[in-house]
file data-v2.cif (mmCIF, C-alpha atoms and all ligand atoms)
data_input
#
loop_
_atom_site.label_atom_id
_atom_site.label_comp_id
_atom_site.auth_asym_id
_atom_site.auth_seq_id
_atom_site.Cartn_x
_atom_site.Cartn_y
_atom_site.Cartn_z
CA MET A 1 53.26 258.48 73.51
CA VAL A 2 54.52 255.41 71.73
CA GLN A 3 55.74 254.67 68.26
CA LYS A 4 52.99 254.47 65.67
CA LEU A 5 52.13 251.04 64.35
CA THR A 6 52.39 251.38 60.61
CA GLN A 7 49.45 249.18 59.90
CA TRP A 8 46.92 249.58 57.13
CA THR A 9 43.34 248.38 57.39
CA GLU A 10 41.87 246.08 54.80
CA THR A 11 39.56 247.89 52.39
CA ALA A 12 35.94 247.38 53.41
CA SER A 13 34.00 244.88 51.34
CA GLN A 14 30.85 245.90 49.49
CA THR A 15 28.24 243.67 47.97
CA ALA A 16 29.04 242.32 44.51
CA GLY A 17 25.50 243.37 43.57
CA PRO A 18 23.18 241.86 40.97
CA TYR A 19 25.55 242.38 38.04
CA VAL A 20 28.70 240.66 39.32
CA HIS A 21 28.57 238.43 36.26
CA ILE A 22 29.28 241.43 34.01
CA GLY A 23 32.61 241.94 35.70
CA CYS A 24 33.70 238.38 36.43
CA ILE A 25 32.06 236.17 33.79
CA PRO A 26 30.96 238.66 31.11
CA THR A 27 30.43 236.10 28.37
CA PHE A 28 28.03 234.24 30.65
CA ALA A 29 26.29 237.60 31.21
CA GLY A 30 25.88 238.10 27.46
CA ILE A 31 28.76 240.54 26.99
CA GLU A 32 30.73 238.84 24.26
CA GLY A 33 33.87 239.85 22.51
CA VAL A 34 35.60 241.86 25.22
CA TYR A 35 37.62 238.85 26.43
CA PRO A 36 38.24 235.69 24.39
CA GLU A 37 36.60 233.62 27.14
CA ASP A 38 35.55 233.93 30.76
CA LEU A 39 38.14 233.40 33.46
CA GLY A 40 38.05 230.18 35.47
CA LEU A 41 35.85 228.12 33.14
CA SER A 42 37.45 224.94 34.47
CA PRO A 43 39.85 224.13 37.32
CA ILE A 44 41.43 221.30 35.34
CA SER A 45 42.64 220.52 31.87
CA ILE A 46 42.15 217.18 30.15
CA ALA A 47 45.42 215.67 31.34
CA ALA A 48 44.82 216.38 35.05
CA LYS A 49 45.73 213.42 37.26
CA GLY A 50 42.99 212.12 39.49
CA GLN A 51 39.36 211.13 39.53
CA VAL A 52 37.01 213.44 37.67
CA ILE A 53 33.96 214.28 39.78
CA THR A 54 30.86 216.40 39.44
CA ILE A 55 29.37 218.40 42.28
CA THR A 56 25.82 219.69 41.81
CA GLY A 57 23.99 221.95 44.19
CA SER A 58 21.92 225.02 44.88
CA LEU A 59 22.34 228.08 47.03
CA PHE A 60 19.27 228.71 49.17
CA ASP A 61 18.36 231.96 50.88
CA GLY A 62 16.60 232.18 54.24
CA THR A 63 13.21 231.56 52.63
CA GLY A 64 14.33 228.38 50.88
CA TRP A 65 14.51 230.00 47.45
CA ALA A 66 17.38 228.83 45.22
CA ILE A 67 19.07 232.09 44.34
CA ARG A 68 20.02 232.69 40.71
CA ASP A 69 22.31 235.71 40.78
CA ALA A 70 25.28 234.54 42.85
CA MET A 71 28.78 233.86 41.65
CA ILE A 72 30.81 231.12 43.27
CA GLU A 73 34.55 230.62 43.10
CA SER A 74 36.30 227.41 44.04
CA TRP A 75 39.93 226.81 44.97
CA GLN A 76 41.35 223.36 45.50
CA ALA A 77 44.45 221.21 45.58
CA ASP A 78 45.38 218.69 42.90
CA GLY A 79 44.90 214.92 43.20
CA ALA A 80 47.98 214.68 45.39
CA GLY A 81 46.98 217.49 47.74
CA LEU A 82 49.21 220.20 46.29
CA TYR A 83 48.03 223.66 45.29
CA ALA A 84 49.04 225.31 42.01
CA GLY A 85 52.26 227.15 42.67
CA GLN A 86 53.52 224.59 45.20
CA VAL A 87 56.53 222.50 44.24
CA GLY A 88 55.49 219.36 42.37
CA ALA A 89 51.87 220.43 41.81
CA ASP A 90 50.09 218.97 38.77
CA PRO A 91 50.50 221.53 35.95
CA ASN A 92 47.11 220.46 34.59
CA VAL A 93 45.26 221.59 37.70
CA SER A 94 44.79 225.35 38.01
CA GLY A 95 42.57 224.63 41.00
CA PHE A 96 40.43 227.69 40.36
CA CYS A 97 36.92 227.80 38.96
CA ARG A 98 34.13 230.33 38.66
CA PHE A 99 30.54 229.26 38.25
CA ALA A 100 27.00 230.49 38.60
CA ALA A 101 23.61 228.93 39.12
CA ASP A 102 21.49 228.16 36.08
CA LYS A 103 19.03 231.01 35.63
CA ASP A 104 16.06 228.66 35.30
CA THR A 105 16.79 225.80 37.70
CA GLY A 106 19.00 227.57 40.24
CA GLU A 107 21.47 224.69 40.12
CA PHE A 108 25.22 224.99 39.78
CA ILE A 109 27.62 222.32 38.58
CA LEU A 110 31.31 222.07 39.36
CA LYS A 111 33.26 219.54 37.30
CA THR A 112 36.73 218.96 38.65
CA ILE A 113 39.02 216.27 40.03
CA LYS A 114 38.82 215.03 43.59
CA PRO A 115 41.52 216.84 45.56
CA GLY A 116 43.91 214.86 47.72
CA PRO A 117 44.36 215.39 51.47
CA VAL A 118 46.34 218.57 52.12
CA LYS A 119 49.22 218.89 54.54
CA ASN A 120 48.95 222.09 56.51
CA ARG A 121 51.88 224.23 57.71
CA ASP A 122 51.75 222.53 61.11
CA GLY A 123 52.13 219.11 59.49
CA LYS A 124 48.55 218.10 60.20
CA MET A 125 46.57 216.58 57.34
CA MET A 126 43.32 218.13 56.23
CA ALA A 127 40.75 215.81 54.65
CA PRO A 128 40.16 216.38 50.91
CA HIS A 129 38.17 219.57 50.45
CA ILE A 130 37.39 222.36 48.03
CA SER A 131 37.20 225.96 49.27
CA LEU A 132 34.26 228.05 48.08
CA TRP A 133 33.78 231.80 48.06
CA ILE A 134 30.26 233.09 47.43
CA VAL A 135 29.25 236.60 46.41
CA ALA A 136 25.88 238.01 45.38
CA ARG A 137 23.47 240.86 45.78
CA GLY A 138 22.55 241.03 49.46
CA ILE A 139 25.84 239.46 50.58
CA ASN A 140 27.84 242.35 51.98
CA ILE A 141 31.05 240.42 52.48
CA GLY A 142 31.89 237.26 50.53
CA LEU A 143 31.01 234.02 52.30
CA SER A 144 33.64 231.30 52.64
CA THR A 145 32.93 227.64 53.14
CA ARG A 146 34.36 224.24 52.22
CA VAL A 147 33.13 221.12 50.45
CA TYR A 148 34.22 217.85 52.04
CA PHE A 149 33.18 214.40 50.75
CA ASP A 150 31.09 211.72 52.47
CA ASP A 151 33.24 208.91 51.05
CA GLU A 152 36.42 210.21 52.69
CA ASP A 153 37.63 209.91 56.27
CA ASN A 154 36.80 213.32 57.71
CA SER A 155 37.08 212.30 61.36
CA ALA A 156 40.41 214.00 62.09
CA ASP A 157 40.06 217.07 59.90
CA PRO A 158 41.30 220.02 61.99
CA LEU A 159 38.55 222.33 60.78
CA LEU A 160 35.62 219.92 61.06
CA VAL A 161 36.59 218.94 64.60
CA ARG A 162 36.26 222.59 65.62
CA ILE A 163 32.54 222.61 64.84
CA GLU A 164 30.84 222.28 68.21
CA GLN A 165 27.41 221.13 67.08
CA GLY A 166 27.98 217.69 65.54
CA PRO A 167 25.08 217.80 63.08
CA ARG A 168 26.30 221.08 61.58
CA VAL A 169 29.37 219.25 60.22
CA ASP A 170 26.97 217.71 57.72
CA SER A 171 26.48 221.07 56.05
CA LEU A 172 30.07 220.91 54.77
CA ILE A 173 29.92 217.37 53.41
CA ALA A 174 28.96 216.60 49.82
CA LYS A 175 26.77 213.51 49.51
CA LYS A 176 27.53 210.88 46.91
CA THR A 177 24.58 210.43 44.54
CA ALA A 178 26.17 208.15 41.92
CA ALA A 179 29.65 207.08 40.92
CA TRP A 180 31.84 210.22 41.09
CA GLN A 181 28.85 212.48 41.51
CA TYR A 182 28.02 214.49 44.58
CA ARG A 183 25.32 216.82 45.83
CA PHE A 184 26.25 219.91 47.84
CA ASP A 185 23.57 222.41 48.80
CA ILE A 186 24.41 225.66 50.53
CA ARG A 187 21.97 227.30 52.92
CA LEU A 188 22.73 230.93 53.60
CA GLN A 189 20.44 231.26 56.58
CA GLY A 190 18.05 229.39 58.86
CA GLN A 191 17.23 225.69 59.04
CA GLY A 192 20.31 223.64 58.13
CA GLU A 193 22.42 226.79 57.75
CA THR A 194 25.81 226.07 56.19
CA VAL A 195 28.86 226.61 58.39
CA PHE A 196 30.64 229.69 57.02
CA LEU A 197 34.27 230.28 57.75
CA ASP A 198 36.49 233.09 58.95
CA LEU A 199 40.01 231.85 58.24
CA MET B 1 58.59 235.95 55.58
CA SER B 2 57.55 232.94 53.56
CA ASP B 3 54.65 232.91 51.17
CA HIS B 4 53.06 230.41 53.51
CA SER B 5 52.90 232.38 56.71
CA SER B 6 49.39 232.82 58.09
CA LEU B 7 47.08 235.61 57.05
CA MET B 8 46.24 238.35 59.50
CA PRO B 9 42.73 237.73 60.82
CA ARG B 10 40.04 239.74 59.13
CA ARG B 11 38.88 242.69 61.25
CA ARG B 12 35.20 242.10 60.70
CA GLU B 13 34.23 245.29 62.52
CA MET B 14 35.94 247.19 59.69
CA HIS B 15 33.68 245.50 57.13
CA PRO B 16 29.95 245.88 56.43
CA GLU B 17 27.30 244.47 58.68
CA PRO B 18 26.09 241.33 56.87
CA TYR B 19 22.50 241.85 58.09
CA TRP B 20 21.41 245.42 57.42
CA THR B 21 17.75 246.36 57.76
CA ASP B 22 17.84 249.14 55.18
CA TYR B 23 19.32 246.82 52.56
CA LYS B 24 16.41 244.45 52.17
CA THR B 25 18.05 241.64 50.21
CA SER B 26 20.65 241.22 52.95
CA LEU B 27 17.92 240.12 55.38
CA THR B 28 17.51 236.70 53.79
CA ARG B 29 21.07 236.29 52.54
CA SER B 30 23.10 236.80 55.73
CA PRO B 31 23.93 233.88 58.03
CA ASN B 32 22.19 233.87 61.41
CA LEU B 33 24.90 231.84 63.07
CA PRO B 34 28.43 232.96 63.88
CA LEU B 35 31.28 232.24 61.47
CA LEU B 36 33.75 229.52 62.44
CA SER B 37 36.98 231.42 63.11
CA MET B 38 40.42 229.86 63.11
CA GLU B 39 43.92 230.53 61.82
CA SER B 40 44.27 230.40 58.06
CA THR B 41 45.50 227.16 56.51
CA VAL B 42 47.39 226.39 53.32
CA SER B 43 44.01 226.38 51.55
CA GLU B 44 43.56 230.10 52.25
CA GLU B 45 47.25 231.05 52.05
CA THR B 46 47.61 229.87 48.47
CA GLY B 47 45.56 231.22 45.60
CA PRO B 48 45.20 231.42 41.84
CA ARG B 49 47.72 233.53 39.95
CA PHE B 50 47.17 235.05 36.55
CA GLY B 51 49.86 236.11 34.11
CA HIS B 52 50.04 239.28 32.04
CA ASN B 53 49.57 237.09 28.95
CA LEU B 54 45.91 236.79 30.01
CA LEU B 55 45.33 240.39 29.02
CA GLY B 56 44.33 241.90 25.71
CA SER B 57 45.61 245.38 24.92
CA LEU B 58 42.20 247.04 25.49
CA ASP B 59 41.17 245.06 28.57
CA ASN B 60 41.71 248.03 30.92
CA ASN B 61 40.11 250.57 28.59
CA LEU B 62 36.32 250.50 28.99
CA ILE B 63 35.95 253.41 26.59
CA LEU B 64 37.22 251.24 23.77
CA ASN B 65 37.08 247.57 24.74
CA TYR B 66 33.46 246.87 23.85
CA SER B 67 33.79 248.16 20.29
CA GLN B 68 37.31 246.70 20.15
CA GLY B 69 38.77 250.09 19.43
CA LYS B 70 36.33 251.20 16.75
CA GLU B 71 34.09 253.67 18.60
CA LEU B 72 34.23 255.64 21.83
CA ALA B 73 31.84 255.06 24.71
CA ILE B 74 29.71 258.05 25.69
CA GLY B 75 30.46 259.87 28.92
CA GLU B 76 32.90 261.88 30.95
CA ARG B 77 36.32 260.39 30.28
CA ILE B 78 38.12 259.36 33.45
CA ARG B 79 41.25 257.52 34.45
CA VAL B 80 41.07 255.45 37.62
CA HIS B 81 44.40 254.49 39.07
CA GLY B 82 45.91 253.44 42.35
CA CYS B 83 47.90 250.87 44.22
CA VAL B 84 46.94 247.48 45.60
CA LEU B 85 48.67 247.15 48.98
CA ASP B 86 48.43 244.76 51.86
CA GLU B 87 48.02 245.55 55.54
CA THR B 88 51.79 245.79 55.96
CA GLY B 89 51.80 248.63 53.43
CA ARG B 90 53.62 246.74 50.71
CA GLY B 91 52.43 246.84 47.11
CA VAL B 92 50.87 243.62 45.84
CA PRO B 93 52.49 242.97 42.45
CA HIS B 94 51.06 241.03 39.52
CA THR B 95 47.56 240.55 40.84
CA LEU B 96 44.35 240.61 38.82
CA VAL B 97 41.96 243.55 39.25
CA GLU B 98 38.57 243.37 37.54
CA ILE B 99 35.97 246.14 37.40
CA TRP B 100 32.40 246.54 36.20
CA GLN B 101 30.05 249.49 36.11
CA ALA B 102 26.96 251.12 34.68
CA ASN B 103 27.20 253.37 31.62
CA ALA B 104 27.09 257.17 31.76
CA GLY B 105 23.31 257.07 32.08
CA GLY B 106 23.34 254.63 34.99
CA ARG B 107 22.34 251.53 33.01
CA TYR B 108 24.07 248.15 33.03
CA ARG B 109 24.32 245.98 29.96
CA HIS B 110 22.39 243.15 31.60
CA VAL B 111 19.06 241.46 30.92
CA LYS B 112 17.95 242.15 34.49
CA ASP B 113 18.58 245.90 34.29
CA THR B 114 15.33 247.46 33.11
CA TYR B 115 16.05 251.08 34.03
CA PHE B 116 14.96 253.21 31.07
CA ALA B 117 18.24 255.10 30.68
CA PRO B 118 19.52 254.09 27.24
CA LEU B 119 22.20 251.51 26.55
CA ASP B 120 25.33 252.86 24.94
CA PRO B 121 26.08 250.71 21.87
CA ASN B 122 29.79 251.19 22.53
CA PHE B 123 29.92 250.41 26.23
CA GLY B 124 30.06 246.90 27.71
CA GLY B 125 30.97 247.81 31.27
CA CYS B 126 33.73 245.38 32.20
CA GLY B 127 37.50 245.71 32.35
CA ARG B 128 40.49 244.06 33.90
CA THR B 129 44.18 244.56 34.46
CA ILE B 130 47.09 243.13 36.43
CA THR B 131 49.09 245.27 38.83
CA ASP B 132 52.69 246.03 37.93
CA GLU B 133 55.70 245.00 40.02
CA ASN B 134 54.89 247.74 42.56
CA GLY B 135 51.18 247.03 42.84
CA PHE B 136 49.99 249.88 40.58
CA TYR B 137 47.05 249.60 38.22
CA GLU B 138 45.08 251.93 35.95
CA PHE B 139 41.89 251.96 33.93
CA MET B 140 40.44 254.32 31.36
CA THR B 141 36.66 254.49 31.53
CA ILE B 142 33.72 256.86 31.64
CA ARG B 143 32.16 258.11 34.84
CA PRO B 144 29.20 255.84 35.59
CA GLY B 145 25.81 257.40 36.21
CA ALA B 146 23.94 257.10 39.49
CA TYR B 147 20.92 254.81 39.21
CA PRO B 148 17.71 253.98 41.07
CA TRP B 149 17.22 250.47 42.42
CA PRO B 150 14.37 248.51 43.91
CA ASN B 151 14.87 248.64 47.68
CA ARG B 152 13.02 251.35 49.51
CA ALA B 153 10.77 253.38 47.22
CA ASN B 154 13.32 256.08 46.35
CA ASP B 155 16.78 254.56 46.72
CA TRP B 156 19.60 255.55 44.39
CA ARG B 157 23.07 254.13 44.08
CA PRO B 158 25.77 256.78 44.11
CA MET B 159 28.10 256.72 41.13
CA HIS B 160 30.34 253.71 41.68
CA ILE B 161 32.67 251.21 40.09
CA HIS B 162 32.68 247.59 41.32
CA PHE B 163 36.15 246.17 42.01
CA SER B 164 37.21 242.53 42.34
CA ILE B 165 40.77 241.83 43.56
CA PHE B 166 42.59 238.54 44.04
CA GLY B 167 45.85 239.16 45.91
CA HIS B 168 48.11 236.12 46.17
CA ALA B 169 46.02 234.05 48.55
CA PHE B 170 42.43 232.84 48.26
CA GLY B 171 41.85 234.24 51.76
CA GLN B 172 42.67 237.74 50.46
CA ARG B 173 39.84 237.66 47.94
CA LEU B 174 37.87 240.90 48.02
CA ILE B 175 35.03 242.58 46.17
CA SER B 176 34.24 246.20 46.91
CA GLN B 177 33.03 249.42 45.30
CA MET B 178 34.70 252.73 44.54
CA TYR B 179 32.68 255.92 45.04
CA PHE B 180 33.46 259.42 43.76
CA GLN B 181 34.46 262.43 45.85
CA GLY B 182 31.63 264.87 46.39
CA ASP B 183 28.73 262.62 45.45
CA PRO B 184 25.83 263.55 47.77
CA LEU B 185 24.19 260.16 47.22
CA ILE B 186 26.90 258.33 49.19
CA ASP B 187 25.45 259.44 52.51
CA LEU B 188 21.95 258.40 51.46
CA CYS B 189 22.90 254.94 50.21
CA PRO B 190 21.92 251.95 52.37
CA ILE B 191 24.64 249.82 50.77
CA ALA B 192 27.38 252.34 51.57
CA ALA B 193 25.85 252.59 55.07
CA THR B 194 26.55 248.91 55.75
CA VAL B 195 30.13 250.05 56.46
CA ARG B 196 29.77 251.37 60.00
CA ASP B 197 33.26 252.76 60.48
CA ARG B 198 33.34 256.23 58.92
CA SER B 199 37.03 256.10 58.04
CA GLN B 200 36.46 252.79 56.29
CA LEU B 201 33.63 254.30 54.26
CA ASP B 202 35.78 257.34 53.46
CA ALA B 203 38.43 254.93 52.19
CA LEU B 204 35.96 253.76 49.52
CA VAL B 205 35.64 257.29 48.12
CA ALA B 206 38.18 258.13 45.43
CA PRO B 207 39.43 261.72 45.41
CA LEU B 208 39.78 263.72 42.23
CA ASP B 209 43.48 263.56 41.36
CA ILE B 210 43.89 266.73 39.33
CA GLN B 211 47.66 266.33 39.11
CA GLN B 212 47.23 263.04 37.28
CA SER B 213 44.47 264.39 35.07
CA ARG B 214 45.26 265.36 31.51
CA GLY B 215 44.04 268.62 29.95
CA MET B 216 41.59 268.27 27.07
CA ASP B 217 41.43 264.53 27.72
CA TYR B 218 40.44 263.04 31.11
CA LEU B 219 40.04 263.60 34.84
CA ALA B 220 41.87 261.19 37.13
CA TYR B 221 40.59 259.56 40.31
CA LYS B 222 42.88 257.73 42.70
CA PHE B 223 41.71 254.59 44.44
CA ASP B 224 44.08 252.55 46.59
CA ILE B 225 42.99 249.11 47.78
CA VAL B 226 44.29 247.32 50.85
CA LEU B 227 44.18 243.52 51.04
CA ARG B 228 44.75 241.31 54.07
CA GLY B 229 48.41 240.97 55.02
CA ARG B 230 50.45 238.02 56.17
CA ARG B 231 51.92 237.72 59.60
CA GLN B 232 55.60 238.45 59.29
CA THR B 233 57.43 235.76 61.16
CA MET B 234 59.89 233.01 60.57
CA PHE B 235 58.84 231.26 63.78
CA GLU B 236 56.62 228.23 63.82
CA ASN B 237 56.35 227.66 67.53
CA LYS B 238 54.63 224.32 67.53
CA PRO B 239 56.34 221.03 66.76
CA GLU B 240 54.85 219.11 63.84
CA GLY B 241 51.55 217.45 64.56
CA MET B 242 50.65 219.40 67.68
FE FE C 301 26.34 248.69 40.73
#
call {"tool": "encode", "arguments": {"input": "data-v2.cif", "output": "structure tokens"}}
result
Amino acid sequence: MVQKLTQWTETASQTAGPYVHIGCIPTFAGIEGVYPEDLGLSPISIAAKGQVITITGSLFDGTGWAIRDAMIESWQADGAGLYAGQVGADPNVSGFCRFAADKDTGEFILKTIKPGPVKNRDGKMMAPHISLWIVARGINIGLSTRVYFDDEDNSADPLLVRIEQGPRVDSLIAKKTAAWQYRFDIRLQGQGETVFLDL
Amino acid sequence: MSDHSSLMPRRREMHPEPYWTDYKTSLTRSPNLPLLSMESTVSEETGPRFGHNLLGSLDNNLILNYSQGKELAIGERIRVHGCVLDETGRGVPHTLVEIWQANAGGRYRHVKDTYFAPLDPNFGGCGRTITDENGFYEFMTIRPGAYPWPNRANDWRPMHIHFSIFGHAFGQRLISQMYFQGDPLIDLCPIAATVRDRSQLDALVAPLDIQQSRGMDYLAYKFDIVLRGRRQTMFENKPEGM
């Protein structure tokens, strides 16, 4: 016999189901008056330093249908590459946002500031990116991915260089459509499937 | 142990199968290709934090929060309480816990829920709280009803409460469901069945906690939640830039 490892196991995930909006963004779901406003309406306040950008996209299932019942959360650094809570971070950037697709068009919009490159623990720089976490009915464990930008130098990003199939890198890169506007579509399955992360 | 040490890798075998034949919606919403696995970075090791000033006094009381204290929701009164821990066994203090659920008849207050059980005019179905300095949390609510759902022709969800937990790092983010001890529908539910490890499924079932129940008032159920832990080390073995 040996000593027992006193190790707990992470609680198993379960799908967020079709009514995740009731719990996480109740006002959006039509349940008004319980909270003053939904959590994570914007990752920035007016005085945030940096370039304001808009990212528009859809979340497609394996049949190509833009799904309408997901909830997405984003987490990002400020314009200088610091996360809320880190020393010197911009107090006007919470970095956290919750959003959902429009029930008619299936499009989501994230309005934020462009994050700066982030220095990792090992000293390596990561190209500017926004982390996304996606939950919905039919997704049994939340899906993680990242949004990078096609007008940044992504060539040495330590995560992107790990993707073996060159063309798949594209699935993580938002495409500029106009000044400070980007398009980022997420494909859950099949042709052009987004690279999902296990970090 | 610094707040910036790496997260323990997720043990995916302890989580649901993403693609599960008996849960039809999962068939088109699960990636075909493998996840890209690597050590967590600062982007996953940091995360949003919420202060107690976020909360209203009724936020964790679903019996009262929809009517703002004026009327009681219908149903069996229950208290759900427990501890948010991490994989090292330590309580996770000051972290946001959000829940949502159906009413006592098994109906959600949602435009998409067309089940003909009646809506309760005094039940919204959402609540939230922040754990105390030891990781404890509690809610007052009513026991949600089981409900049928469109999957196979006769599928029913066991009574359950949806939980969303933040932890202190974005990589700890978790959504799960709490089931109730003794509910025979758990073993028939294709969503519960996505968790292949029996002890992991058992860990989603809250036992009746009669000691914490209160006579003539409520029954208590205890539901502890474990989030990913951080590797406990002061060593960074690689020189900068390697
Ligand atoms: Fe449910």
call {"tool": "closest_atom_pairs", "arguments": {"input": "data-v2.cif", "of": "chain A", "to": "chain B", "cutoff": "6 Å", "atoms": "only C-alpha atoms", "output": "CSV"}}
result
residue,atom,partner,partner_atom,distance
A:Gln7,CA,B:Thr88,CA,5.7
A:Trp8,CA,B:Glu87,CA,4.5
A:Thr9,CA,B:Glu87,CA,5.8
A:Glu10,CA,B:Val226,CA,4.8
A:Thr11,CA,B:Val226,CA,5.0
A:Ala12,CA,B:His15,CA,4.7
A:Ser13,CA,B:Ser176,CA,4.6
A:Gln14,CA,B:Ser176,CA,4.3
A:Gly23,CA,B:Trp100,CA,4.6
A:Val34,CA,B:Tyr66,CA,5.6
A:Asp61,CA,B:Arg29,CA,5.4
A:Gly62,CA,B:Thr28,CA,4.6
A:Asn120,CA,B:Val42,CA,5.6
A:Asp122,CA,B:Glu240,CA,5.4
A:Gly123,CA,B:Glu240,CA,5.1
A:Lys124,CA,B:Gly241,CA,5.3
A:Gly138,CA,B:Ser26,CA,4.0
A:Ile139,CA,B:Ser26,CA,6.0
A:Asn140,CA,B:Pro18,CA,5.3
A:Leu188,CA,B:Pro31,CA,5.5
A:Gln189,CA,B:Pro31,CA,4.6
A:Phe196,CA,B:Leu35,CA,5.2
A:Leu197,CA,B:Leu36,CA,4.8
A:Asp198,CA,B:Ser37,CA,4.5
A:Leu199,CA,B:Ser40,CA,4.5
call {"tool": "residues_around", "arguments": {"input": "data-v2.cif", "residues": "Tyr115 of chain B", "least_positions_apart": "2", "cutoff": "10 Å", "atoms": "only C-alpha atoms", "output": "PyMOL selection string"}}
result
chain B and resi 105-108+112-113+117-119+147-149
call {"tool": "atom_distance", "arguments": {"input": "data-v2.cif", "atom1": "atom CA of Ile72 of chain A", "atom2": "atom CA of His129 of chain A"}}
result
15.5 Å
call {"tool": "residues_near_point", "arguments": {"input": "data-v2.cif", "point": "(44.4, 213.9, 44.0)", "cutoff": "10 Å", "atoms": "all atoms listed in the file", "output": "list of chain:residue names"}}
result
A:Ala48, A:Lys49, A:Gly50, A:Gln51, A:Val52, A:Ala77, A:Asp78, A:Gly79, A:Ala80, A:Gly81, A:Leu82, A:Asp90, A:Val93, A:Ile113, A:Lys114, A:Pro115, A:Gly116, A:Pro117, A:Val118, A:Pro128
call {"tool": "write_last_selection", "arguments": {"input": "data-v2.cif", "atoms": "C-alpha atoms", "output": "CSV table (one decimal), in the frame of the given file"}}
result
chain,number,residue,atom,x,y,z
A,48,ALA,CA,44.8,216.4,35.0
A,49,LYS,CA,45.7,213.4,37.3
A,50,GLY,CA,43.0,212.1,39.5
A,51,GLN,CA,39.4,211.1,39.5
A,52,VAL,CA,37.0,213.4,37.7
A,77,ALA,CA,44.4,221.2,45.6
A,78,ASP,CA,45.4,218.7,42.9
A,79,GLY,CA,44.9,214.9,43.2
A,80,ALA,CA,48.0,214.7,45.4
A,81,GLY,CA,47.0,217.5,47.7
A,82,LEU,CA,49.2,220.2,46.3
A,90,ASP,CA,50.1,219.0,38.8
A,93,VAL,CA,45.3,221.6,37.7
A,113,ILE,CA,39.0,216.3,40.0
A,114,LYS,CA,38.8,215.0,43.6
A,115,PRO,CA,41.5,216.8,45.6
A,116,GLY,CA,43.9,214.9,47.7
A,117,PRO,CA,44.4,215.4,51.5
A,118,VAL,CA,46.3,218.6,52.1
A,128,PRO,CA,40.2,216.4,50.9
call {"tool": "residues_around", "arguments": {"input": "data-v2.cif", "residues": "Arg98 of chain A", "least_positions_apart": "3", "cutoff": "8 Å", "atoms": "all atoms listed in the file", "output": "PyMOL selection string"}}
result
chain A and resi 25+39-42+71-74
call {"tool": "atom_distance", "arguments": {"input": "data-v2.cif", "atom1": "atom CA of Gln76 of chain A", "atom2": "atom CA of Ser131 of chain A"}}
result
6.2 Å
call {"tool": "atom_distance", "arguments": {"input": "data-v2.cif", "atom1": "atom CA of Leu219 of chain B", "atom2": "atom CA of Val80 of chain B"}}
result
8.7 Å
call {"tool": "closest_residue", "arguments": {"input": "data-v2.cif", "among": "A:Arg137, A:Gln3, A:Lys119, A:Phe60", "to": "ligand FE 301 (chain C)", "atoms": "all atoms listed in the file"}}
result
A:Arg137
call {"tool": "closest_atom_pairs", "arguments": {"input": "data-v2.cif", "of": "chain A", "to": "ligand FE 301 (chain C)", "cutoff": "10 Å", "atoms": "only C-alpha atoms and all ligand atoms", "output": "JSON lines"}}
result
{"residue": "A:Thr15", "atom": "CA", "partner": "C:FE301", "partner_atom": "FE", "distance": 9.0}
{"residue": "A:Ala16", "atom": "CA", "partner": "C:FE301", "partner_atom": "FE", "distance": 7.9}
{"residue": "A:Gly17", "atom": "CA", "partner": "C:FE301", "partner_atom": "FE", "distance": 6.1}
{"residue": "A:Pro18", "atom": "CA", "partner": "C:FE301", "partner_atom": "FE", "distance": 7.5}
{"residue": "A:Tyr19", "atom": "CA", "partner": "C:FE301", "partner_atom": "FE", "distance": 6.9}
{"residue": "A:Val20", "atom": "CA", "partner": "C:FE301", "partner_atom": "FE", "distance": 8.5}
{"residue": "A:Arg137", "atom": "CA", "partner": "C:FE301", "partner_atom": "FE", "distance": 9.7}
call {"tool": "closest_residue", "arguments": {"input": "data-v2.cif", "among": "A:Ser58, A:Asn154, A:Ser144, A:Thr27", "to": "Arg187 of chain A", "atoms": "all atoms listed in the file"}}
result
A:Ser58
